[in-house]
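The data block below is start-v2.tsv; it holds TSV, C-alpha atoms.
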chain	number	residue	atom	x	y	z
A	1	MET	CA	92.42	89.20	108.08
A	2	ALA	CA	89.22	91.15	108.62
A	3	TRP	CA	88.80	89.58	112.06
A	4	LEU	CA	92.24	90.86	112.99
A	5	VAL	CA	91.40	94.40	112.03
A	6	LEU	CA	88.17	94.31	114.02
A	7	LEU	CA	89.87	92.76	117.01
A	8	VAL	CA	92.54	95.40	117.29
A	9	ALA	CA	90.87	98.42	115.76
A	10	GLY	CA	90.90	100.12	119.13
A	11	LEU	CA	94.60	99.60	119.68
A	12	ALA	CA	95.87	102.40	117.47
A	13	GLY	CA	96.05	105.82	118.99
A	14	ALA	CA	98.34	108.26	120.72
A	15	ALA	CA	102.05	107.73	121.24
A	16	PRO	CA	102.88	105.03	123.84
A	17	THR	CA	103.48	105.91	127.44
A	18	GLU	CA	106.73	105.02	129.21
A	19	ALA	CA	104.89	102.07	130.77
A	20	GLN	CA	103.96	100.77	127.34
A	21	ARG	CA	107.54	101.13	126.15
A	22	ALA	CA	108.75	99.23	129.20
A	23	VAL	CA	106.66	96.21	128.25
A	24	ARG	CA	109.09	95.53	125.38
A	25	GLY	CA	111.87	94.63	127.80
A	26	ASP	CA	109.98	92.62	130.38
A	27	GLY	CA	111.78	89.34	129.99
A	28	ILE	CA	112.13	86.08	128.10
A	29	ALA	CA	109.26	84.70	126.01
A	30	ALA	CA	110.97	81.46	124.97
A	31	ILE	CA	114.31	79.67	124.86
A	32	VAL	CA	115.24	77.50	121.89
A	33	GLY	CA	118.10	75.03	122.20
A	34	ALA	CA	118.13	74.83	125.99
A	35	THR	CA	115.84	75.13	128.99
A	36	THR	CA	117.81	77.98	130.55
A	37	PRO	CA	119.53	80.98	128.91
A	38	ARG	CA	123.06	80.17	127.79
A	39	ALA	CA	125.49	81.10	125.07
A	40	ASP	CA	124.49	78.35	122.64
A	41	ALA	CA	120.73	78.90	123.03
A	42	THR	CA	118.45	81.27	121.16
A	43	VAL	CA	116.60	83.54	123.57
A	44	LEU	CA	113.41	85.17	122.30
A	45	LEU	CA	112.35	88.20	124.29
A	46	HIS	CA	108.86	89.58	124.72
A	47	SER	CA	110.16	92.58	122.81
A	48	ASP	CA	110.93	90.35	119.80
A	49	VAL	CA	107.39	89.01	119.79
A	50	ASP	CA	105.87	92.44	120.33
A	51	LEU	CA	107.83	94.03	117.50
A	52	ARG	CA	106.98	91.36	114.92
A	53	ALA	CA	103.30	91.44	115.90
A	54	ARG	CA	103.11	95.24	115.67
A	55	LEU	CA	104.71	95.22	112.23
A	56	ARG	CA	101.88	93.04	110.95
A	57	LEU	CA	99.17	95.06	112.65
A	58	THR	CA	100.56	98.29	111.27
A	59	ARG	CA	99.92	97.06	107.76
A	60	GLU	CA	96.43	95.80	108.66
A	61	LEU	CA	95.41	99.00	110.43
A	62	SER	CA	97.37	101.46	108.28
A	63	GLU	CA	98.73	103.00	111.49
A	64	VAL	CA	100.90	101.89	114.39
A	65	PRO	CA	99.00	100.05	117.16
A	66	THR	CA	100.32	101.33	120.48
A	67	GLY	CA	98.19	99.59	123.08
A	68	PRO	CA	98.36	96.03	124.45
A	69	LEU	CA	98.17	93.31	121.81
A	70	PRO	CA	95.72	90.37	121.81
A	71	ALA	CA	97.09	87.19	123.40
A	72	GLY	CA	96.12	85.16	120.35
A	73	LEU	CA	98.23	87.34	118.07
A	74	LEU	CA	101.19	87.21	120.45
A	75	ARG	CA	100.86	83.44	120.74
A	76	ALA	CA	100.84	82.99	116.95
A	77	THR	CA	103.78	85.37	116.54
A	78	LEU	CA	105.81	83.56	119.17
A	79	GLY	CA	105.14	80.28	117.38
A	80	GLU	CA	106.42	81.82	114.16
A	81	LEU	CA	109.60	83.07	115.87
A	82	VAL	CA	110.23	79.72	117.55
A	83	GLY	CA	109.93	78.03	114.15
A	84	GLU	CA	112.38	80.49	112.63
A	85	ALA	CA	114.82	79.95	115.49
A	86	LEU	CA	114.65	76.16	115.11
A	87	ILE	CA	115.36	76.31	111.39
A	88	ALA	CA	118.10	78.92	111.80
A	89	ARG	CA	119.85	76.72	114.37
A	90	GLU	CA	119.65	73.73	112.04
A	91	ALA	CA	120.99	75.85	109.18
A	92	GLN	CA	123.96	76.90	111.31
A	93	ARG	CA	124.56	73.28	112.34
A	94	VAL	CA	124.67	71.75	108.86
A	95	GLN	CA	126.01	74.84	107.04
A	96	VAL	CA	124.42	73.85	103.75
A	97	ALA	CA	123.89	77.40	102.52
A	98	THR	CA	124.99	80.87	103.56
A	99	PRO	CA	122.86	83.96	102.88
A	100	THR	CA	124.42	86.73	100.85
A	101	GLU	CA	124.12	90.44	101.51
A	102	ALA	CA	121.51	90.50	98.74
A	103	ASP	CA	119.51	87.83	100.61
A	104	VAL	CA	119.57	89.94	103.76
A	105	ARG	CA	118.53	93.05	101.85
A	106	GLU	CA	115.65	91.13	100.33
A	107	GLU	CA	114.45	90.05	103.79
A	108	ARG	CA	114.74	93.64	104.95
A	109	ARG	CA	112.44	94.61	102.09
A	110	ARG	CA	110.05	91.84	103.07
A	111	LEU	CA	109.93	93.15	106.62
A	112	GLU	CA	109.19	96.61	105.29
A	113	GLY	CA	106.40	95.08	103.26
A	114	LEU	CA	105.14	93.29	106.36
A	115	ALA	CA	104.66	96.69	107.99
A	116	GLY	CA	103.16	98.27	104.89
A	117	GLY	CA	106.29	100.08	103.71
A	118	ALA	CA	109.60	101.49	104.91
A	119	ASP	CA	108.01	104.58	106.44
A	120	ARG	CA	105.60	102.54	108.51
A	121	LEU	CA	108.36	100.24	109.66
A	122	ARG	CA	110.31	103.26	110.91
A	123	ALA	CA	107.15	104.53	112.60
A	124	VAL	CA	106.81	101.24	114.47
A	125	LEU	CA	110.41	101.37	115.61
A	126	GLU	CA	110.00	104.91	116.89
A	127	ALA	CA	106.69	104.18	118.58
A	128	VAL	CA	107.96	101.23	120.59
A	129	GLY	CA	111.52	102.42	121.12
A	130	ALA	CA	113.09	99.67	119.00
A	131	SER	CA	116.28	100.03	116.96
A	132	GLU	CA	117.22	99.48	113.34
A	133	ARG	CA	119.62	96.82	114.58
A	134	GLU	CA	116.68	94.73	115.76
A	135	ILE	CA	115.28	94.78	112.22
A	136	ASP	CA	118.73	93.96	110.79
A	137	ALA	CA	119.04	90.95	113.12
A	138	MET	CA	115.54	89.83	112.16
A	139	ALA	CA	116.40	90.13	108.46
A	140	GLU	CA	119.64	88.20	108.91
A	141	ARG	CA	117.89	85.31	110.64
A	142	ARG	CA	115.08	85.21	108.09
A	143	ALA	CA	117.63	85.23	105.24
A	144	LEU	CA	119.42	82.27	106.81
A	145	VAL	CA	116.13	80.42	107.16
A	146	ARG	CA	115.12	81.18	103.59
A	147	VAL	CA	118.32	79.98	101.92
A	148	PHE	CA	118.30	76.84	104.08
A	149	LEU	CA	114.73	76.02	103.15
A	150	GLU	CA	115.37	76.69	99.48
A	151	ALA	CA	118.34	74.30	99.60
A	152	ASN	CA	116.47	71.57	101.46
A	153	LEU	CA	112.93	71.87	100.15
A	154	GLU	CA	113.76	72.41	96.50
A	155	GLY	CA	111.00	70.81	94.52
A	156	SER	CA	108.43	70.91	97.33
A	157	ALA	CA	106.66	73.86	95.75
A	158	ARG	CA	106.71	72.50	92.21
A	159	VAL	CA	103.22	71.72	90.98
A	160	SER	CA	102.69	69.54	87.94
A	161	ASP	CA	99.77	70.08	85.59
A	162	GLU	CA	98.25	66.82	86.80
A	163	ALA	CA	98.47	67.82	90.47
A	164	LEU	CA	97.10	71.27	89.68
A	165	GLU	CA	94.12	69.83	87.83
A	166	ARG	CA	93.36	67.37	90.64
A	167	ALA	CA	93.46	70.17	93.20
A	168	PHE	CA	91.23	72.36	91.04
A	169	GLU	CA	88.66	69.59	90.68
A	170	ALA	CA	88.72	68.95	94.43
A	171	GLY	CA	87.50	72.52	94.95
A	172	GLU	CA	89.64	73.32	98.01
A	173	HIS	CA	91.08	76.56	96.67
A	174	PRO	CA	90.18	80.28	96.39
A	175	PHE	CA	89.34	80.12	92.67
A	176	ILE	CA	85.87	78.64	92.91
A	177	GLY	CA	83.57	79.73	90.09
A	178	GLN	CA	86.39	80.46	87.64
A	179	GLU	CA	87.66	78.50	84.66
A	180	LEU	CA	90.87	76.56	85.19
A	181	GLU	CA	92.56	78.02	82.11
A	182	ASP	CA	91.89	81.53	83.42
A	183	VAL	CA	93.54	80.87	86.77
A	184	ARG	CA	96.05	78.11	85.99
A	185	GLU	CA	99.21	80.05	86.82
A	186	PRO	CA	97.84	81.99	89.84
A	187	MET	CA	96.58	78.69	91.22
A	188	ARG	CA	99.94	77.03	90.57
A	189	VAL	CA	101.60	79.75	92.66
A	190	TRP	CA	98.95	79.44	95.39
A	191	LEU	CA	99.25	75.67	95.53
A	192	GLY	CA	103.05	75.82	95.53
A	193	ARG	CA	103.04	78.21	98.47
A	194	ARG	CA	100.64	75.97	100.36
A	195	ARG	CA	102.86	72.97	99.74
A	196	MET	CA	105.90	74.88	100.90
A	197	ALA	CA	104.13	76.02	104.06
A	198	GLU	CA	103.14	72.44	104.83
A	199	ALA	CA	106.69	71.23	104.24
A	200	VAL	CA	108.08	73.93	106.53
A	201	GLU	CA	105.57	73.03	109.22
A	202	ARG	CA	106.61	69.37	109.05
A	203	TRP	CA	110.27	70.41	109.25
A	204	VAL	CA	109.63	72.53	112.33
A	205	GLN	CA	107.77	69.67	114.01
A	206	VAL	CA	110.71	67.32	113.41
A	207	LEU	CA	113.22	69.86	114.71
A	208	ARG	CA	111.12	70.49	117.78
A	209	THR	CA	111.19	66.81	118.73
A	210	ARG	CA	114.98	66.89	118.93
A	211	THR	CA	115.63	70.43	120.14
A	212	PRO	CA	114.84	71.67	123.66
A	213	VAL	CA	112.26	74.45	123.57
A	214	ARG	CA	111.05	76.19	126.71
A	215	ILE	CA	108.09	78.54	126.42
A	216	LEU	CA	107.84	81.08	129.24
A	217	ALA	CA	105.31	83.58	127.89
A	218	ALA	CA	102.04	83.39	129.82
A	219	TYR	CA	99.95	84.12	126.72
A	220	ALA	CA	101.33	80.97	125.04
A	221	ALA	CA	99.49	78.78	127.55
A	222	GLU	CA	96.05	80.30	127.00

As C-alpha coordinates, how would this structure be written, given the file I've shared?
Amino acid sequence: MAWLVLLVAGLAGAAPTEAQRAVRGDGIAAIVGATTPRADATVLLHSDVDLRARLRLTRELSEVPTGPLPAGLLRATLGELVGEALIAREAQRVQVATPTEADVREERRRLEGLAGGADRLRAVLEAVGASEREIDAMAERRALVRVFLEANLEGSARVSDEALERAFEAGEHPFIGQELEDVREPMRVWLGRRRMAEAVERWVQVLRTRTPVRILAAYAAE
(Lines of atoms letter the chains of each structure in order from A and count residues from 1; the text may use other names and numbers.)
(Lines give C-alpha, C1' and ligand atoms only; values in the text may rest on other atoms or scores of the structure.)
Protein backbone atom coordinates (compact mmCIF):
# COMPACT_ATOMS: atom_id res chain seq x y z
CA MET A 1 0.00 0.00 0.00
CA ALA A 2 2.99 2.32 -0.11
CA TRP A 3 1.92 3.61 -3.52
CA LEU A 4 -1.45 4.54 -2.05
CA VAL A 5 0.11 6.57 0.72
CA LEU A 6 2.34 8.42 -1.73
CA LEU A 7 -0.51 9.05 -4.11
CA VAL A 8 -2.76 10.65 -1.54
CA ALA A 9 -0.28 12.06 0.93
CA GLY A 10 -1.34 15.55 -0.03
CA LEU A 11 -5.02 14.90 0.55
CA ALA A 12 -5.03 15.18 4.33
CA GLY A 13 -5.34 18.61 5.78
CA ALA A 14 -7.79 21.12 7.15
CA ALA A 15 -11.47 20.45 7.74
CA PRO A 16 -13.51 20.13 4.52
CA THR A 17 -15.29 23.10 3.04
CA GLU A 18 -19.05 23.09 2.42
CA ALA A 19 -18.29 22.36 -1.24
CA GLN A 20 -16.32 19.27 -0.27
CA ARG A 21 -19.14 18.09 1.97
CA ALA A 22 -21.62 18.59 -0.87
CA VAL A 23 -19.70 16.15 -3.07
CA ARG A 24 -20.97 13.30 -0.87
CA GLY A 25 -24.53 13.81 -2.07
CA ASP A 26 -23.99 14.45 -5.74
CA GLY A 27 -25.91 11.53 -7.14
CA ILE A 28 -25.93 7.86 -8.07
CA ALA A 29 -22.68 5.97 -8.68
CA ALA A 30 -24.27 2.64 -9.66
CA ILE A 31 -27.53 0.71 -9.67
CA VAL A 32 -27.55 -3.03 -8.95
CA GLY A 33 -30.61 -5.08 -9.86
CA ALA A 34 -32.05 -2.66 -12.40
CA THR A 35 -31.02 -0.01 -14.90
CA THR A 36 -33.05 2.74 -13.24
CA PRO A 37 -33.67 3.46 -9.54
CA ARG A 38 -36.61 1.51 -8.16
CA ALA A 39 -37.73 -0.11 -4.94
CA ASP A 40 -36.25 -3.54 -5.65
CA ALA A 41 -32.86 -2.22 -6.82
CA THR A 42 -29.78 -1.39 -4.78
CA VAL A 43 -28.69 2.18 -5.39
CA LEU A 44 -25.08 3.05 -4.56
CA LEU A 45 -24.47 6.75 -4.10
CA HIS A 46 -21.24 8.64 -4.64
CA SER A 47 -21.36 9.26 -0.90
CA ASP A 48 -21.25 5.50 -0.26
CA VAL A 49 -18.13 5.16 -2.40
CA ASP A 50 -16.52 8.24 -0.91
CA LEU A 51 -17.08 7.11 2.68
CA ARG A 52 -15.68 3.61 2.18
CA ALA A 53 -12.64 4.98 0.34
CA ARG A 54 -11.91 7.57 3.04
CA LEU A 55 -12.12 4.94 5.76
CA ARG A 56 -9.31 3.01 4.10
CA LEU A 57 -7.19 6.09 3.47
CA THR A 58 -7.57 7.21 7.05
CA ARG A 59 -5.83 4.07 8.22
CA GLU A 60 -3.11 4.39 5.57
CA LEU A 61 -2.43 8.06 6.29
CA SER A 62 -3.14 8.01 10.04
CA GLU A 63 -5.39 11.04 9.53
CA VAL A 64 -8.59 11.83 7.67
CA PRO A 65 -8.09 12.74 3.99
CA THR A 66 -10.37 15.66 3.21
CA GLY A 67 -9.59 16.56 -0.38
CA PRO A 68 -10.68 14.92 -3.65
CA LEU A 69 -9.86 11.22 -3.91
CA PRO A 70 -7.97 9.56 -6.79
CA ALA A 71 -10.20 8.13 -9.52
CA GLY A 72 -8.43 4.78 -9.31
CA LEU A 73 -9.27 4.42 -5.63
CA LEU A 74 -12.89 5.41 -6.21
CA ARG A 75 -13.16 2.97 -9.10
CA ALA A 76 -11.79 0.09 -7.01
CA THR A 77 -14.05 0.99 -4.09
CA LEU A 78 -17.12 1.13 -6.31
CA GLY A 79 -16.24 -2.31 -7.67
CA GLU A 80 -16.05 -3.62 -4.12
CA LEU A 81 -19.45 -2.13 -3.24
CA VAL A 82 -21.06 -3.50 -6.40
CA GLY A 83 -19.74 -6.95 -5.51
CA GLU A 84 -21.13 -6.66 -1.99
CA ALA A 85 -24.51 -5.54 -3.34
CA LEU A 86 -24.67 -8.46 -5.77
CA ILE A 87 -23.93 -11.01 -3.06
CA ALA A 88 -26.29 -9.35 -0.57
CA ARG A 89 -29.12 -9.49 -3.11
CA GLU A 90 -28.45 -13.17 -3.77
CA ALA A 91 -28.36 -13.83 -0.02
CA GLN A 92 -31.75 -12.16 0.37
CA ARG A 93 -33.13 -14.15 -2.56
CA VAL A 94 -32.14 -17.62 -1.37
CA GLN A 95 -32.32 -16.89 2.38
CA VAL A 96 -29.77 -19.55 3.25
CA ALA A 97 -28.39 -17.75 6.29
CA THR A 98 -29.37 -14.76 8.40
CA PRO A 99 -26.77 -12.64 10.23
CA THR A 100 -27.12 -12.31 13.97
CA GLU A 101 -26.63 -9.17 16.00
CA ALA A 102 -23.20 -10.54 16.90
CA ASP A 103 -22.37 -10.83 13.18
CA VAL A 104 -23.34 -7.20 12.65
CA ARG A 105 -21.29 -6.09 15.66
CA GLU A 106 -18.31 -7.98 14.29
CA GLU A 107 -18.61 -6.20 10.94
CA ARG A 108 -18.87 -2.90 12.78
CA ARG A 109 -15.58 -3.74 14.47
CA ARG A 110 -14.08 -4.63 11.10
CA LEU A 111 -15.12 -1.26 9.71
CA GLU A 112 -13.52 0.43 12.69
CA GLY A 113 -10.38 -1.54 11.96
CA LEU A 114 -10.59 -0.49 8.31
CA ALA A 115 -10.33 3.12 9.46
CA GLY A 116 -7.61 2.41 12.00
CA GLY A 117 -9.84 2.35 15.08
CA ALA A 118 -13.15 3.59 16.44
CA ASP A 119 -11.88 7.11 17.05
CA ARG A 120 -10.67 7.48 13.48
CA LEU A 121 -13.92 6.13 12.13
CA ARG A 122 -15.81 8.79 14.09
CA ALA A 123 -13.37 11.40 12.80
CA VAL A 124 -14.14 10.38 9.22
CA LEU A 125 -17.87 10.61 9.83
CA GLU A 126 -17.53 14.08 11.32
CA ALA A 127 -15.19 15.29 8.59
CA VAL A 128 -17.46 14.32 5.72
CA GLY A 129 -20.79 14.90 7.43
CA ALA A 130 -21.80 11.22 7.43
CA SER A 131 -23.93 9.53 10.08
CA GLU A 132 -23.54 6.52 12.32
CA ARG A 133 -26.53 5.04 10.53
CA GLU A 134 -24.51 4.87 7.33
CA ILE A 135 -21.91 2.75 9.12
CA ASP A 136 -24.66 0.59 10.66
CA ALA A 137 -26.17 -0.04 7.22
CA MET A 138 -22.73 -0.87 5.84
CA ALA A 139 -22.12 -3.31 8.70
CA GLU A 140 -25.51 -4.96 8.20
CA ARG A 141 -24.89 -5.55 4.50
CA ARG A 142 -21.37 -6.84 5.09
CA ALA A 143 -22.67 -9.21 7.79
CA LEU A 144 -25.26 -10.58 5.37
CA VAL A 145 -22.59 -11.08 2.74
CA ARG A 146 -20.24 -12.78 5.18
CA VAL A 147 -22.72 -15.33 6.52
CA PHE A 148 -23.88 -16.10 2.98
CA LEU A 149 -20.34 -16.69 1.76
CA GLU A 150 -19.51 -18.81 4.79
CA ALA A 151 -22.57 -20.96 4.09
CA ASN A 152 -21.87 -21.32 0.38
CA LEU A 153 -18.10 -21.37 0.19
CA GLU A 154 -17.44 -23.60 3.17
CA GLY A 155 -14.36 -25.60 2.37
CA SER A 156 -13.02 -23.17 -0.24
CA ALA A 157 -10.45 -21.82 2.18
CA ARG A 158 -9.35 -25.20 3.52
CA VAL A 159 -5.78 -25.97 2.55
CA SER A 160 -4.44 -29.50 2.80
CA ASP A 161 -0.81 -30.19 3.66
CA GLU A 162 -0.25 -31.42 0.11
CA ALA A 163 -1.69 -28.26 -1.45
CA LEU A 164 0.28 -26.09 0.95
CA GLU A 165 3.54 -27.85 0.10
CA ARG A 166 2.90 -27.56 -3.64
CA ALA A 167 2.20 -23.85 -3.30
CA PHE A 168 5.32 -23.36 -1.19
CA GLU A 169 7.48 -25.12 -3.77
CA ALA A 170 5.97 -23.05 -6.57
CA GLY A 171 7.34 -19.93 -4.86
CA GLU A 172 4.33 -17.67 -5.51
CA HIS A 173 3.90 -16.52 -1.93
CA PRO A 174 5.28 -13.90 0.50
CA PHE A 175 7.41 -16.38 2.47
CA ILE A 176 10.34 -16.66 0.09
CA GLY A 177 13.63 -17.39 1.84
CA GLN A 178 12.03 -19.03 4.88
CA GLU A 179 11.72 -22.67 5.86
CA LEU A 180 8.32 -24.26 5.30
CA GLU A 181 8.09 -25.60 8.85
CA ASP A 182 8.65 -22.10 10.21
CA VAL A 183 5.81 -20.59 8.19
CA ARG A 184 3.45 -23.53 7.65
CA GLU A 185 0.46 -22.14 9.55
CA PRO A 186 0.85 -18.47 8.50
CA MET A 187 1.10 -19.66 4.92
CA ARG A 188 -1.96 -21.88 5.34
CA VAL A 189 -3.92 -18.82 6.46
CA TRP A 190 -2.53 -16.72 3.60
CA LEU A 191 -3.31 -19.37 1.01
CA GLY A 192 -6.80 -19.93 2.43
CA ARG A 193 -7.58 -16.23 2.21
CA ARG A 194 -6.35 -16.12 -1.37
CA ARG A 195 -8.53 -19.08 -2.28
CA MET A 196 -11.53 -17.47 -0.65
CA ALA A 197 -10.92 -14.20 -2.48
CA GLU A 198 -10.73 -16.06 -5.79
CA ALA A 199 -13.93 -17.95 -5.01
CA VAL A 200 -15.73 -14.71 -4.13
CA GLU A 201 -14.51 -13.09 -7.33
CA ARG A 202 -15.86 -16.00 -9.39
CA TRP A 203 -19.17 -15.78 -7.53
CA VAL A 204 -19.46 -12.06 -8.25
CA GLN A 205 -18.72 -12.63 -11.93
CA VAL A 206 -21.49 -15.24 -12.15
CA LEU A 207 -23.98 -12.99 -10.36
CA ARG A 208 -23.09 -10.09 -12.60
CA THR A 209 -23.96 -12.08 -15.72
CA ARG A 210 -27.52 -12.55 -14.49
CA THR A 211 -28.13 -9.32 -12.59
CA PRO A 212 -28.55 -5.91 -14.24
CA VAL A 213 -25.80 -3.53 -13.16
CA ARG A 214 -25.63 0.05 -14.38
CA ILE A 215 -22.51 2.05 -13.59
CA LEU A 216 -23.01 5.82 -13.72
CA ALA A 217 -19.88 7.14 -12.02
CA ALA A 218 -17.60 8.89 -14.51
CA TYR A 219 -14.44 7.68 -12.75
CA ALA A 220 -15.48 4.05 -13.38
CA ALA A 221 -14.98 4.51 -17.13
CA GLU A 222 -11.41 5.83 -16.92

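Proximity to Pro68 in chain A was assessed for A:Asp50, A:Arg56, A:Leu207, A:Arg110 counting all atoms listed in the file; the smallest distance is recorded for A:Asp50.
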
Enumerate, as a PyMOL selection string, the protein, DNA and RNA residues whose atoms approach (116.5, 83.3, 110.2) to within 9 Å, taking into account only C-alpha atoms and the coordinate frame of the file. chain A and resi 81+84-89+91+137-146

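Near range 175-184 of chain A, within a cut-off of 9 Å and counting only C-alpha atoms, sit the residues Asp161, Leu164, Glu165, Phe168, Gly171, Arg188 and Val189 of chain A, with same-chain residues fewer than 4 positions away left out.
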
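Comparing the minimum interatomic distances between Glu106 in chain A and each of A:Val147, A:Ala127, A:Val159, A:Leu153, counting all atoms listed in the file, we find that A:Val147 sits nearest.
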
Please report, as JSON lines, each residue of range 97-190 of chain A lying at most 10 Å from range 30-47 of chain A, together with the nearest pair of atoms and the separation in Å rounded to one decimal; use only C-alpha atoms, and order rows by chain and ascending residue number.
{"residue": "A:Val128", "atom": "CA", "partner": "A:Ser47", "partner_atom": "CA", "distance": 9.2}
{"residue": "A:Ala130", "atom": "CA", "partner": "A:Ser47", "partner_atom": "CA", "distance": 8.6}
{"residue": "A:Glu134", "atom": "CA", "partner": "A:Ser47", "partner_atom": "CA", "distance": 9.8}

Taking N, CA, C and O atoms as the atom set, what does range 86-105 of chain A look like once completed, written as a PDB file, keeping the file's coordinate frame?
ATOM      1  N   LEU A  86     114.320  77.580 115.295  1.00  0.00           N
ATOM      2  CA  LEU A  86     114.650  76.160 115.110  1.00  0.00           C
ATOM      3  C   LEU A  86     115.336  75.930 113.780  1.00  0.00           C
ATOM      4  O   LEU A  86     116.359  75.237 113.697  1.00  0.00           O
ATOM      5  N   ILE A  87     114.783  76.516 112.720  1.00  0.00           N
ATOM      6  CA  ILE A  87     115.360  76.310 111.390  1.00  0.00           C
ATOM      7  C   ILE A  87     116.707  77.007 111.277  1.00  0.00           C
ATOM      8  O   ILE A  87     117.658  76.469 110.691  1.00  0.00           O
ATOM      9  N   ALA A  88     116.828  78.200 111.848  1.00  0.00           N
ATOM     10  CA  ALA A  88     118.100  78.920 111.800  1.00  0.00           C
ATOM     11  C   ALA A  88     119.203  78.130 112.515  1.00  0.00           C
ATOM     12  O   ALA A  88     120.342  78.063 112.039  1.00  0.00           O
ATOM     13  N   ARG A  89     118.865  77.525 113.643  1.00  0.00           N
ATOM     14  CA  ARG A  89     119.850  76.720 114.370  1.00  0.00           C
ATOM     15  C   ARG A  89     120.267  75.510 113.546  1.00  0.00           C
ATOM     16  O   ARG A  89     121.451  75.161 113.501  1.00  0.00           O
ATOM     17  N   GLU A  90     119.328  74.875 112.883  1.00  0.00           N
ATOM     18  CA  GLU A  90     119.650  73.730 112.040  1.00  0.00           C
ATOM     19  C   GLU A  90     120.519  74.167 110.863  1.00  0.00           C
ATOM     20  O   GLU A  90     121.458  73.467 110.468  1.00  0.00           O
ATOM     21  N   ALA A  91     120.197  75.324 110.299  1.00  0.00           N
ATOM     22  CA  ALA A  91     120.990  75.850 109.180  1.00  0.00           C
ATOM     23  C   ALA A  91     122.432  76.104 109.603  1.00  0.00           C
ATOM     24  O   ALA A  91     123.381  75.821 108.860  1.00  0.00           O
ATOM     25  N   GLN A  92     122.613  76.641 110.808  1.00  0.00           N
ATOM     26  CA  GLN A  92     123.960  76.900 111.310  1.00  0.00           C
ATOM     27  C   GLN A  92     124.694  75.587 111.599  1.00  0.00           C
ATOM     28  O   GLN A  92     125.905  75.492 111.405  1.00  0.00           O
ATOM     29  N   ARG A  93     123.940  74.574 112.014  1.00  0.00           N
ATOM     30  CA  ARG A  93     124.560  73.280 112.340  1.00  0.00           C
ATOM     31  C   ARG A  93     125.088  72.582 111.090  1.00  0.00           C
ATOM     32  O   ARG A  93     126.223  72.098 111.073  1.00  0.00           O
ATOM     33  N   VAL A  94     124.277  72.509 110.054  1.00  0.00           N
ATOM     34  CA  VAL A  94     124.670  71.750 108.860  1.00  0.00           C
ATOM     35  C   VAL A  94     125.435  72.601 107.849  1.00  0.00           C
ATOM     36  O   VAL A  94     126.142  72.067 106.995  1.00  0.00           O
ATOM     37  N   GLN A  95     125.282  73.919 107.913  1.00  0.00           N
ATOM     38  CA  GLN A  95     126.010  74.840 107.040  1.00  0.00           C
ATOM     39  C   GLN A  95     125.895  74.459 105.565  1.00  0.00           C
ATOM     40  O   GLN A  95     126.884  74.400 104.835  1.00  0.00           O
ATOM     41  N   VAL A  96     124.673  74.203 105.141  1.00  0.00           N
ATOM     42  CA  VAL A  96     124.420  73.850 103.750  1.00  0.00           C
ATOM     43  C   VAL A  96     124.474  75.076 102.849  1.00  0.00           C
ATOM     44  O   VAL A  96     124.968  75.020 101.722  1.00  0.00           O
ATOM     45  N   ALA A  97     123.942  76.181 103.333  1.00  0.00           N
ATOM     46  CA  ALA A  97     123.890  77.400 102.520  1.00  0.00           C
ATOM     47  C   ALA A  97     124.118  78.617 103.413  1.00  0.00           C
ATOM     48  O   ALA A  97     123.745  78.620 104.586  1.00  0.00           O
ATOM     49  N   THR A  98     124.724  79.634 102.841  1.00  0.00           N
ATOM     50  CA  THR A  98     124.990  80.870 103.560  1.00  0.00           C
ATOM     51  C   THR A  98     124.328  82.029 102.842  1.00  0.00           C
ATOM     52  O   THR A  98     124.518  82.190 101.633  1.00  0.00           O
ATOM     53  N   PRO A  99     123.533  82.829 103.551  1.00  0.00           N
ATOM     54  CA  PRO A  99     122.860  83.960 102.880  1.00  0.00           C
ATOM     55  C   PRO A  99     123.864  85.026 102.464  1.00  0.00           C
ATOM     56  O   PRO A  99     124.850  85.283 103.157  1.00  0.00           O
ATOM     57  N   THR A 100     123.594  85.634 101.337  1.00  0.00           N
ATOM     58  CA  THR A 100     124.420  86.730 100.850  1.00  0.00           C
ATOM     59  C   THR A 100     123.872  88.056 101.370  1.00  0.00           C
ATOM     60  O   THR A 100     122.785  88.104 101.966  1.00  0.00           O
ATOM     61  N   GLU A 101     124.602  89.114 101.134  1.00  0.00           N
ATOM     62  CA  GLU A 101     124.120  90.440 101.510  1.00  0.00           C
ATOM     63  C   GLU A 101     122.826  90.755 100.763  1.00  0.00           C
ATOM     64  O   GLU A 101     121.930  91.398 101.310  1.00  0.00           O
ATOM     65  N   ALA A 102     122.732  90.281  99.525  1.00  0.00           N
ATOM     66  CA  ALA A 102     121.510  90.500  98.740  1.00  0.00           C
ATOM     67  C   ALA A 102     120.334  89.772  99.384  1.00  0.00           C
ATOM     68  O   ALA A 102     119.204  90.287  99.400  1.00  0.00           O
ATOM     69  N   ASP A 103     120.569  88.574  99.928  1.00  0.00           N
ATOM     70  CA  ASP A 103     119.510  87.830 100.610  1.00  0.00           C
ATOM     71  C   ASP A 103     119.015  88.604 101.828  1.00  0.00           C
ATOM     72  O   ASP A 103     117.809  88.677 102.086  1.00  0.00           O
ATOM     73  N   VAL A 104     119.948  89.176 102.571  1.00  0.00           N
ATOM     74  CA  VAL A 104     119.570  89.940 103.760  1.00  0.00           C
ATOM     75  C   VAL A 104     118.800  91.190 103.370  1.00  0.00           C
ATOM     76  O   VAL A 104     117.798  91.541 104.010  1.00  0.00           O
ATOM     77  N   ARG A 105     119.252  91.856 102.312  1.00  0.00           N
ATOM     78  CA  ARG A 105     118.530  93.050 101.850  1.00  0.00           C
ATOM     79  C   ARG A 105     117.116  92.703 101.414  1.00  0.00           C
ATOM     80  O   ARG A 105     116.169  93.457 101.676  1.00  0.00           O
TER      81      ARG A 105
END
